[in-house]
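Structure data follow from protein-v3.txt (compact mmCIF, C-alpha atoms):
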```txt
# COMPACT_ATOMS: atom_id res chain seq x y z
CA MET A 83 23.61 103.63 -31.15
CA SER A 84 22.94 99.89 -31.24
CA ARG A 85 26.63 98.95 -30.76
CA ALA A 86 26.66 101.10 -27.66
CA VAL A 87 23.60 99.28 -26.32
CA GLU A 88 25.20 95.91 -27.01
CA GLU A 89 28.37 96.91 -25.21
CA LEU A 90 26.38 98.18 -22.26
CA ASN A 91 24.23 95.02 -22.18
CA ARG A 92 27.36 92.93 -22.04
CA ARG A 93 28.69 94.93 -19.11
CA MET A 94 25.41 94.60 -17.24
CA LEU A 95 25.48 90.85 -17.90
CA ARG A 96 28.98 90.79 -16.37
CA ALA A 97 27.66 92.44 -13.22
CA ARG A 98 24.68 90.08 -13.10
CA ASP A 99 27.01 87.09 -13.48
CA ALA A 100 29.03 88.46 -10.57
CA MET A 101 25.89 88.47 -8.41
CA ASP A 102 25.12 84.88 -9.41
CA ARG A 103 28.66 83.86 -8.56
CA ALA A 104 29.48 85.96 -5.50
CA TYR A 105 26.03 86.47 -3.91
CA ALA A 106 27.49 85.52 -0.52
CA GLN A 107 29.86 88.47 -0.54
CA PRO A 108 28.87 91.98 0.49
CA LEU A 109 28.33 93.16 -3.09
CA ASP A 110 27.39 96.81 -3.08
CA VAL A 111 26.68 99.23 -5.89
CA PRO A 112 30.25 100.60 -6.07
CA ALA A 113 31.66 97.07 -6.40
CA LEU A 114 29.15 96.10 -9.08
CA ALA A 115 29.58 99.34 -10.97
CA ARG A 116 33.31 98.68 -11.01
CA ILE A 117 32.73 95.21 -12.49
CA ALA A 118 30.45 96.74 -15.14
CA ASN A 119 32.92 99.54 -15.67
CA VAL A 120 30.32 102.32 -15.44
CA SER A 121 29.61 105.08 -12.93
CA GLU A 122 27.54 104.20 -9.87
CA ALA A 123 24.65 106.49 -10.82
CA HIS A 124 24.62 105.11 -14.32
CA PHE A 125 24.82 101.50 -13.12
CA ILE A 126 21.49 101.19 -11.30
CA ARG A 127 19.58 102.93 -14.06
CA THR A 128 21.18 100.94 -16.85
CA PHE A 129 20.86 97.61 -15.06
CA ARG A 130 17.20 98.23 -14.54
CA ALA A 131 16.68 99.23 -18.15
CA THR A 132 18.47 96.04 -19.23
CA PHE A 133 16.99 93.41 -16.92
CA ASP A 134 13.82 95.12 -15.74
CA GLU A 135 14.70 95.15 -12.05
CA THR A 136 17.16 96.93 -9.82
CA PRO A 137 20.48 95.22 -9.05
CA HIS A 138 19.46 95.20 -5.39
CA HIS A 139 16.34 93.20 -6.12
CA TYR A 140 18.20 90.88 -8.43
CA LEU A 141 20.72 90.09 -5.69
CA GLN A 142 18.10 89.62 -2.99
CA ARG A 143 16.13 87.20 -5.13
CA ARG A 144 19.33 85.32 -5.96
CA ARG A 145 20.18 85.07 -2.25
CA VAL A 146 16.70 83.88 -1.40
CA GLU A 147 16.83 81.31 -4.20
CA ARG A 148 20.11 79.96 -2.82
CA ALA A 149 18.62 79.91 0.68
CA MET A 150 15.58 77.97 -0.61
CA TYR A 151 17.97 75.48 -2.11
CA LEU A 152 20.16 75.14 1.00
CA LEU A 153 17.17 74.81 3.32
CA ARG A 154 16.08 71.73 1.45
CA ALA A 155 19.40 70.29 0.31
CA THR A 156 21.31 70.55 3.60
CA ASP A 157 20.64 70.35 7.33
CA ARG A 158 22.41 73.62 8.16
CA SER A 159 20.53 75.87 10.56
CA VAL A 160 18.51 78.82 9.27
CA THR A 161 21.00 81.20 10.90
CA VAL A 162 23.95 79.58 9.16
CA ILE A 163 22.15 79.61 5.80
CA CYS A 164 21.25 83.26 6.27
CA LEU A 165 24.96 84.11 6.59
CA ASP A 166 25.94 81.62 3.87
CA VAL A 167 23.88 83.40 1.23
CA GLY A 168 25.10 86.87 2.15
CA PHE A 169 22.64 88.35 4.64
CA SER A 170 24.16 89.79 7.78
CA SER A 171 21.01 89.95 9.89
CA LEU A 172 18.65 87.09 10.58
CA GLY A 173 15.76 89.54 10.97
CA THR A 174 16.27 91.01 7.50
CA PHE A 175 16.74 87.58 5.98
CA SER A 176 13.56 86.20 7.51
CA ARG A 177 11.53 89.23 6.48
CA ILE A 178 12.76 89.24 2.90
CA PHE A 179 12.42 85.47 2.61
CA ARG A 180 8.85 85.66 3.80
CA ASP A 181 8.09 88.61 1.49
CA ILE A 182 9.35 86.72 -1.52
CA VAL A 183 8.40 83.13 -0.79
CA GLY A 184 5.30 83.73 1.31
CA GLN A 185 6.52 81.39 4.02
CA ALA A 186 9.09 81.51 6.82
CA PRO A 187 12.40 79.73 6.09
CA SER A 188 11.71 76.98 8.64
CA ALA A 189 8.25 76.34 7.20
CA TYR A 190 9.64 76.24 3.67
CA ARG A 191 12.19 73.66 4.79
CA GLU A 192 9.40 71.26 5.70
CA ARG A 193 8.74 70.67 2.02
CA GLY A 194 11.54 68.15 2.26
CA PRO A 195 14.60 67.17 0.28
CA ILE A 196 15.04 67.99 -3.39
CA GLN A 197 16.33 66.16 -6.42
CA ALA A 198 19.87 66.70 -7.58
CA VAL A 199 19.66 68.78 -10.77
CA PRO A 200 22.31 70.69 -12.74
CA ASN A 201 22.96 73.72 -10.63
CA CYS A 202 23.08 76.40 -13.31
CA PHE A 203 19.60 75.47 -14.50
CA ALA A 204 18.23 75.31 -10.99
CA MET A 205 19.62 78.80 -10.40
CA ALA A 206 18.19 80.14 -13.63
CA TRP A 207 14.73 78.65 -13.20
CA THR A 208 14.04 78.68 -9.50
CA ARG A 209 15.06 82.24 -8.65
CA PRO A 210 11.77 83.76 -7.45
CA SER A 211 10.23 85.76 -10.28
CA SER A 212 8.91 88.58 -8.14
CA PHE A 213 9.02 90.13 -4.72
CA GLY A 214 6.01 88.18 -3.54
CA GLU A 215 3.52 89.34 -6.16
CA ALA A 216 3.76 85.91 -7.77
CA PRO A 217 4.31 82.63 -5.94
CA ALA A 218 7.93 81.51 -5.85
CA GLN A 219 8.67 78.51 -8.04
CA ASN A 220 9.04 75.37 -6.02
CA ILE A 221 12.20 73.31 -6.31
CA VAL A 222 11.22 69.73 -7.08
CA MET B 1009 16.04 57.20 -37.08
CA PHE B 1010 18.67 59.89 -36.49
CA ASN B 1011 22.09 58.56 -35.68
CA ALA B 1012 24.07 61.64 -34.56
CA LEU B 1013 23.93 65.36 -33.85
CA ALA B 1014 26.42 66.74 -36.35
CA ILE B 1015 26.13 70.53 -36.31
CA SER B 1016 24.64 72.94 -33.86
CA SER B 1017 24.71 76.69 -34.20
CA ILE B 1018 25.16 79.69 -31.96
CA TYR B 1019 25.11 83.39 -32.78
CA VAL B 1020 28.24 85.48 -32.40
CA LEU B 1021 28.69 89.19 -33.04
CA ASP B 1022 31.91 88.88 -35.01
CA GLN B 1023 33.40 85.77 -36.59
CA ASP B 1024 37.04 86.86 -36.34
CA GLN B 1025 36.63 87.66 -32.69
CA ALA B 1026 34.81 84.33 -32.27
CA LEU B 1027 37.78 82.48 -33.80
CA GLU B 1028 40.16 84.30 -31.52
CA PHE B 1029 38.11 83.14 -28.57
CA TYR B 1030 36.97 79.63 -29.47
CA VAL B 1031 40.21 78.58 -31.13
CA GLY B 1032 42.77 80.97 -29.64
CA LYS B 1033 41.58 80.73 -26.06
CA LEU B 1034 39.33 77.71 -25.58
CA GLY B 1035 41.53 75.52 -27.77
CA LEU B 1036 38.90 74.27 -30.22
CA GLU B 1037 39.99 73.77 -33.80
CA VAL B 1038 38.62 75.18 -37.01
CA ASN B 1039 36.59 72.51 -38.73
CA THR B 1040 35.49 74.51 -41.78
CA ASP B 1041 36.11 78.12 -42.68
CA GLN B 1042 34.70 78.70 -46.12
CA ASP B 1043 33.41 81.72 -47.97
CA LEU B 1044 30.17 80.61 -49.53
CA GLY B 1045 29.79 83.97 -51.22
CA PHE B 1046 26.65 84.86 -49.37
CA MET B 1047 28.02 83.86 -45.96
CA ARG B 1048 31.13 82.71 -44.19
CA TRP B 1049 30.57 79.11 -43.14
CA LEU B 1050 32.61 78.87 -39.98
CA THR B 1051 32.52 75.81 -37.76
CA VAL B 1052 34.71 74.66 -34.89
CA SER B 1053 35.16 71.27 -33.22
CA VAL B 1054 36.79 69.82 -30.16
CA PRO B 1055 40.18 68.42 -31.28
CA GLY B 1056 39.69 64.74 -32.00
CA ASP B 1057 35.92 65.06 -32.29
CA ARG B 1058 35.46 66.44 -35.79
CA ASP B 1059 32.09 64.78 -36.28
CA ARG B 1060 30.48 67.32 -34.01
CA GLN B 1061 30.64 70.92 -35.18
CA VAL B 1062 29.48 74.22 -33.82
CA LEU B 1063 28.50 76.78 -36.45
CA LEU B 1064 29.45 80.31 -35.45
CA GLN B 1065 26.93 82.48 -37.23
CA THR B 1066 26.41 86.23 -37.25
CA PRO B 1067 22.89 87.62 -37.24
CA GLY B 1068 22.36 89.98 -40.17
CA PRO B 1069 20.70 90.63 -43.48
CA PRO B 1070 19.50 89.11 -45.69
CA ALA B 1071 18.94 86.06 -43.45
CA LEU B 1072 17.55 88.38 -40.82
CA ASP B 1073 16.33 91.88 -41.54
CA GLN B 1074 18.27 94.71 -39.92
CA LYS B 1075 15.75 95.26 -37.18
CA THR B 1076 15.50 91.60 -36.22
CA ALA B 1077 19.29 91.24 -36.34
CA ALA B 1078 19.59 94.17 -33.95
CA GLN B 1079 17.14 92.45 -31.60
CA VAL B 1080 19.15 89.23 -31.73
CA ARG B 1081 22.36 91.13 -31.01
CA GLU B 1082 20.71 92.84 -28.11
CA LEU B 1083 19.43 89.57 -26.65
CA LEU B 1084 22.77 87.87 -27.22
CA THR B 1085 24.62 90.52 -25.23
CA LYS B 1086 22.08 90.11 -22.43
CA GLY B 1087 22.83 86.39 -22.35
CA ALA B 1088 19.27 85.67 -23.46
CA THR B 1089 19.51 83.90 -26.82
CA GLY B 1090 19.77 80.53 -25.12
CA GLY B 1091 23.15 79.80 -26.69
CA HIS B 1092 24.68 77.16 -24.45
CA LEU B 1093 27.57 74.84 -25.12
CA PHE B 1094 28.48 72.06 -22.72
CA PHE B 1095 31.90 70.49 -22.98
CA THR B 1096 33.61 67.82 -20.97
CA ALA B 1097 37.21 67.89 -19.82
CA ASP B 1098 39.58 65.36 -18.27
CA ASP B 1099 40.58 67.79 -15.56
CA CYS B 1100 38.14 70.59 -14.86
CA ARG B 1101 40.26 72.48 -12.33
CA LYS B 1102 43.39 72.39 -14.47
CA THR B 1103 41.50 73.57 -17.55
CA TYR B 1104 39.92 76.32 -15.46
CA THR B 1105 43.33 77.53 -14.28
CA GLU B 1106 44.71 77.53 -17.82
CA LEU B 1107 41.75 79.38 -19.28
CA ARG B 1108 41.71 81.93 -16.46
CA ALA B 1109 45.33 82.71 -17.20
CA LYS B 1110 44.26 83.49 -20.77
CA GLY B 1111 41.73 86.00 -19.50
CA VAL B 1112 38.58 83.95 -20.02
CA GLU B 1113 35.60 85.39 -18.15
CA PHE B 1114 34.24 82.79 -15.73
CA THR B 1115 30.75 82.84 -14.26
CA GLU B 1116 31.40 80.01 -11.85
CA GLU B 1117 34.48 78.40 -10.40
CA PRO B 1118 34.91 74.62 -10.52
CA THR B 1119 32.37 73.20 -8.09
CA GLU B 1120 31.67 69.63 -7.08
CA ARG B 1121 28.22 68.41 -8.00
CA PRO B 1122 26.60 65.02 -7.72
CA TYR B 1123 27.43 64.43 -11.40
CA GLY B 1124 31.00 65.73 -11.40
CA ILE B 1125 33.05 68.90 -11.18
CA ASP B 1126 31.89 71.73 -13.40
CA CYS B 1127 32.26 75.42 -14.02
CA GLY B 1128 30.82 78.11 -16.26
CA LEU B 1129 32.05 80.93 -18.47
CA ARG B 1130 30.87 83.48 -21.02
CA ASP B 1131 32.12 83.99 -24.52
CA PRO B 1132 32.87 87.62 -25.46
CA PHE B 1133 29.34 88.05 -26.82
CA GLY B 1134 27.22 86.64 -23.98
CA ASN B 1135 26.84 82.95 -24.80
CA HIS B 1136 27.00 80.65 -21.83
CA ILE B 1137 29.53 77.84 -21.84
CA ARG B 1138 30.12 75.13 -19.29
CA PHE B 1139 32.55 72.31 -19.01
CA SER B 1140 32.53 69.46 -16.59
CA GLN B 1141 34.62 66.57 -15.54
CA PRO B 1142 31.96 63.90 -15.17
CA LEU B 1143 32.27 61.47 -12.30
CA PRO B 1144 32.84 57.88 -13.30
CA VAL B 1145 29.42 56.24 -13.53
CA THR B 1146 29.75 54.12 -10.39
CA ALA B 1147 30.99 57.05 -8.28
CA SER B 1148 28.20 59.21 -9.71
CA ALA B 1149 25.57 56.65 -8.73
CA LYS B 1150 26.99 56.52 -5.21
CA ALA B 1151 26.96 60.30 -4.88
CA GLN B 1152 23.34 60.41 -6.04
CA GLU B 1153 22.55 57.72 -3.50
CA LYS B 1154 24.27 59.73 -0.76
CA GLY B 1155 22.35 62.84 -1.77
CA ARG B 1156 19.02 61.12 -1.14
```
Kindly present the structure from the file in structure tokens form.
Amino acid sequence: MSRAVEELNRRMLRARDAMDRAYAQPLDVPALARIANVSEAHFIRTFRATFDETPHHYLQRRRVERAMYLLRATDRSVTVICLDVGFSSLGTFSRIFRDIVGQAPSAYRERGPIQAVPNCFAMAWTRPSSFGEAPAQNIV
Amino acid sequence: MFNALAISSIYVLDQDQALEFYVGKLGLEVNTDQDLGFMRWLTVSVPGDRDRQVLLQTPGPPALDQKTAAQVRELLTKGATGGHLFFTADDCRKTYTELRAKGVEFTEEPTERPYGIDCGLRDPFGNHIRFSQPLPVTASAKAQEKGR
């Protein structure tokens, strides 16, 4: 029983790592389920049981986190950043960004430039913790 | 005052499998592999840096009760035990290519950062490992300056 859970955890972690790495690509459930080596139906349920959110939400919050970073670390336009982090429609991006962060991308950008910090820790700690129920962590 | 960090420890699920990975794939060397009777004391080091050891420890009784050990194993496989190792390399991209060819599971490709080129990988159990090729100090200071 417990070995099976450990093996499954490890596979879910592999899929989560793939989202952290390839968030800009059109990652869908079939692709992620293949990485985790489980069936599609099984994947969503197991991922949620493991990390307490659906893979879809995980990916959207990762994309928004990367967008928050790029808005403040670069001077790329909002449209370019939207595509850079894996959204295909500016409307969807703006809506989800606002849902999660509580501010429009252009307004968020006005917080100004950020400090250079090790990227893996920025990604781990500044990914918004909720879908807007809690305020998104600010990047310093 | 302290004068060095000599040993740090991470959890692994299986010490033989850990050796296969850390020595066989990552190229570390066995520092100590000794049966203490009650535990297998297994440490590895970067070749040429034997003063710094990583203890590869399995969670289990009697050090941890069965239930706690199971929790640790579960967290480890979720990547949540906080086991991180950070190495440096002379050539990050070359090391990446070599390790990829050996089937190492990477979480991030070599990427240029203000402090150097670095990348990330997982061990077979879920521990997070990074290695970077730090920028020379002067170049690093310039990059930081540029980033401002």
* Contact residues around segment 185-200 of chain A with all atoms listed in the file at 9 Å, ignoring same-chain residues under 4 positions, as a VMD selection string -> (chain A and resid 149 to 156 160 175 to 177 179 to 181 204 to 205 221 to 222) or (chain B and resid 1121 to 1123 1152 1155 to 1156)
Using the selection just defined, write its residues with C-alpha atoms as a PDB file, in the frame of the given file.
```pdb
ATOM      1  CA  ALA A 149      18.620  79.910   0.680  1.00  0.00           C
ATOM      2  CA  MET A 150      15.580  77.970  -0.610  1.00  0.00           C
ATOM      3  CA  TYR A 151      17.970  75.480  -2.110  1.00  0.00           C
ATOM      4  CA  LEU A 152      20.160  75.140   1.000  1.00  0.00           C
ATOM      5  CA  LEU A 153      17.170  74.810   3.320  1.00  0.00           C
ATOM      6  CA  ARG A 154      16.080  71.730   1.450  1.00  0.00           C
ATOM      7  CA  ALA A 155      19.400  70.290   0.310  1.00  0.00           C
ATOM      8  CA  THR A 156      21.310  70.550   3.600  1.00  0.00           C
ATOM      9  CA  VAL A 160      18.510  78.820   9.270  1.00  0.00           C
ATOM     10  CA  PHE A 175      16.740  87.580   5.980  1.00  0.00           C
ATOM     11  CA  SER A 176      13.560  86.200   7.510  1.00  0.00           C
ATOM     12  CA  ARG A 177      11.530  89.230   6.480  1.00  0.00           C
ATOM     13  CA  PHE A 179      12.420  85.470   2.610  1.00  0.00           C
ATOM     14  CA  ARG A 180       8.850  85.660   3.800  1.00  0.00           C
ATOM     15  CA  ASP A 181       8.090  88.610   1.490  1.00  0.00           C
ATOM     16  CA  ALA A 204      18.230  75.310 -10.990  1.00  0.00           C
ATOM     17  CA  MET A 205      19.620  78.800 -10.400  1.00  0.00           C
ATOM     18  CA  ILE A 221      12.200  73.310  -6.310  1.00  0.00           C
ATOM     19  CA  VAL A 222      11.220  69.730  -7.080  1.00  0.00           C
TER      20      VAL A 222
ATOM     21  CA  ARG B1121      28.220  68.410  -8.000  1.00  0.00           C
ATOM     22  CA  PRO B1122      26.600  65.020  -7.720  1.00  0.00           C
ATOM     23  CA  TYR B1123      27.430  64.430 -11.400  1.00  0.00           C
ATOM     24  CA  GLN B1152      23.340  60.410  -6.040  1.00  0.00           C
ATOM     25  CA  GLY B1155      22.350  62.840  -1.770  1.00  0.00           C
ATOM     26  CA  ARG B1156      19.020  61.120  -1.140  1.00  0.00           C
TER      27      ARG B1156
END
```
Please, which residues in chain A fall within 7 Å of chain B when counting all atoms listed in the file, and what is the closest atom pair and distance in Å to one decimal for each, ordered by chain then residue number, as JSON lines?
```
{"residue": "A:Glu88", "atom": "CA", "partner": "B:Glu1082", "partner_atom": "CA", "distance": 5.5}
{"residue": "A:Asn91", "atom": "CA", "partner": "B:Lys1086", "partner_atom": "CA", "distance": 5.4}
{"residue": "A:Arg92", "atom": "CA", "partner": "B:Thr1085", "partner_atom": "CA", "distance": 4.8}
{"residue": "A:Leu95", "atom": "CA", "partner": "B:Lys1086", "partner_atom": "CA", "distance": 5.7}
{"residue": "A:Asp99", "atom": "CA", "partner": "B:Thr1115", "partner_atom": "CA", "distance": 5.7}
{"residue": "A:Ala100", "atom": "CA", "partner": "B:Thr1115", "partner_atom": "CA", "distance": 6.9}
{"residue": "A:Arg103", "atom": "CA", "partner": "B:Glu1116", "partner_atom": "CA", "distance": 5.8}
{"residue": "A:Ala198", "atom": "CA", "partner": "B:Pro1122", "partner_atom": "CA", "distance": 6.9}
```
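For the residues B:Gln1065, B:Ser1053, B:Thr1089, B:Asn1011, ranking by smallest atom-to-atom distance to Leu1036 of chain B using all atoms listed in the file places B:Ser1053 first.
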Answer as a PDB file with C-alpha atoms, in the frame of the given file, residues within 6 Å of (19.9, 87.3, -35.9) using all atoms listed in the file:
```
ATOM      1  CA  PRO B1067      22.890  87.620 -37.240  1.00  0.00           C
ATOM      2  CA  GLY B1068      22.360  89.980 -40.170  1.00  0.00           C
ATOM      3  CA  LEU B1072      17.550  88.380 -40.820  1.00  0.00           C
ATOM      4  CA  ALA B1077      19.290  91.240 -36.340  1.00  0.00           C
ATOM      5  CA  VAL B1080      19.150  89.230 -31.730  1.00  0.00           C
TER       6      VAL B1080
END
```
* **Interatomic distance (Å, one decimal) between atom CA of Pro1144 of chain B and atom CA of Asp1131 of chain B** =>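 Interatomic distance, atom CA of Pro1144 of chain B to atom CA of Asp1131 of chain B: 28.4 Å.
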* Structure fact -> Computed gap from atom CA of Arg1048 of chain B to atom CA of Lys1075 of chain B is 21.1 Å
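In this comparison, which uses only C-alpha atoms, the residue of A:Val111, A:Val162, A:Ile178, A:Val146 approaching Pro210 of chain A most closely is A:Val146.
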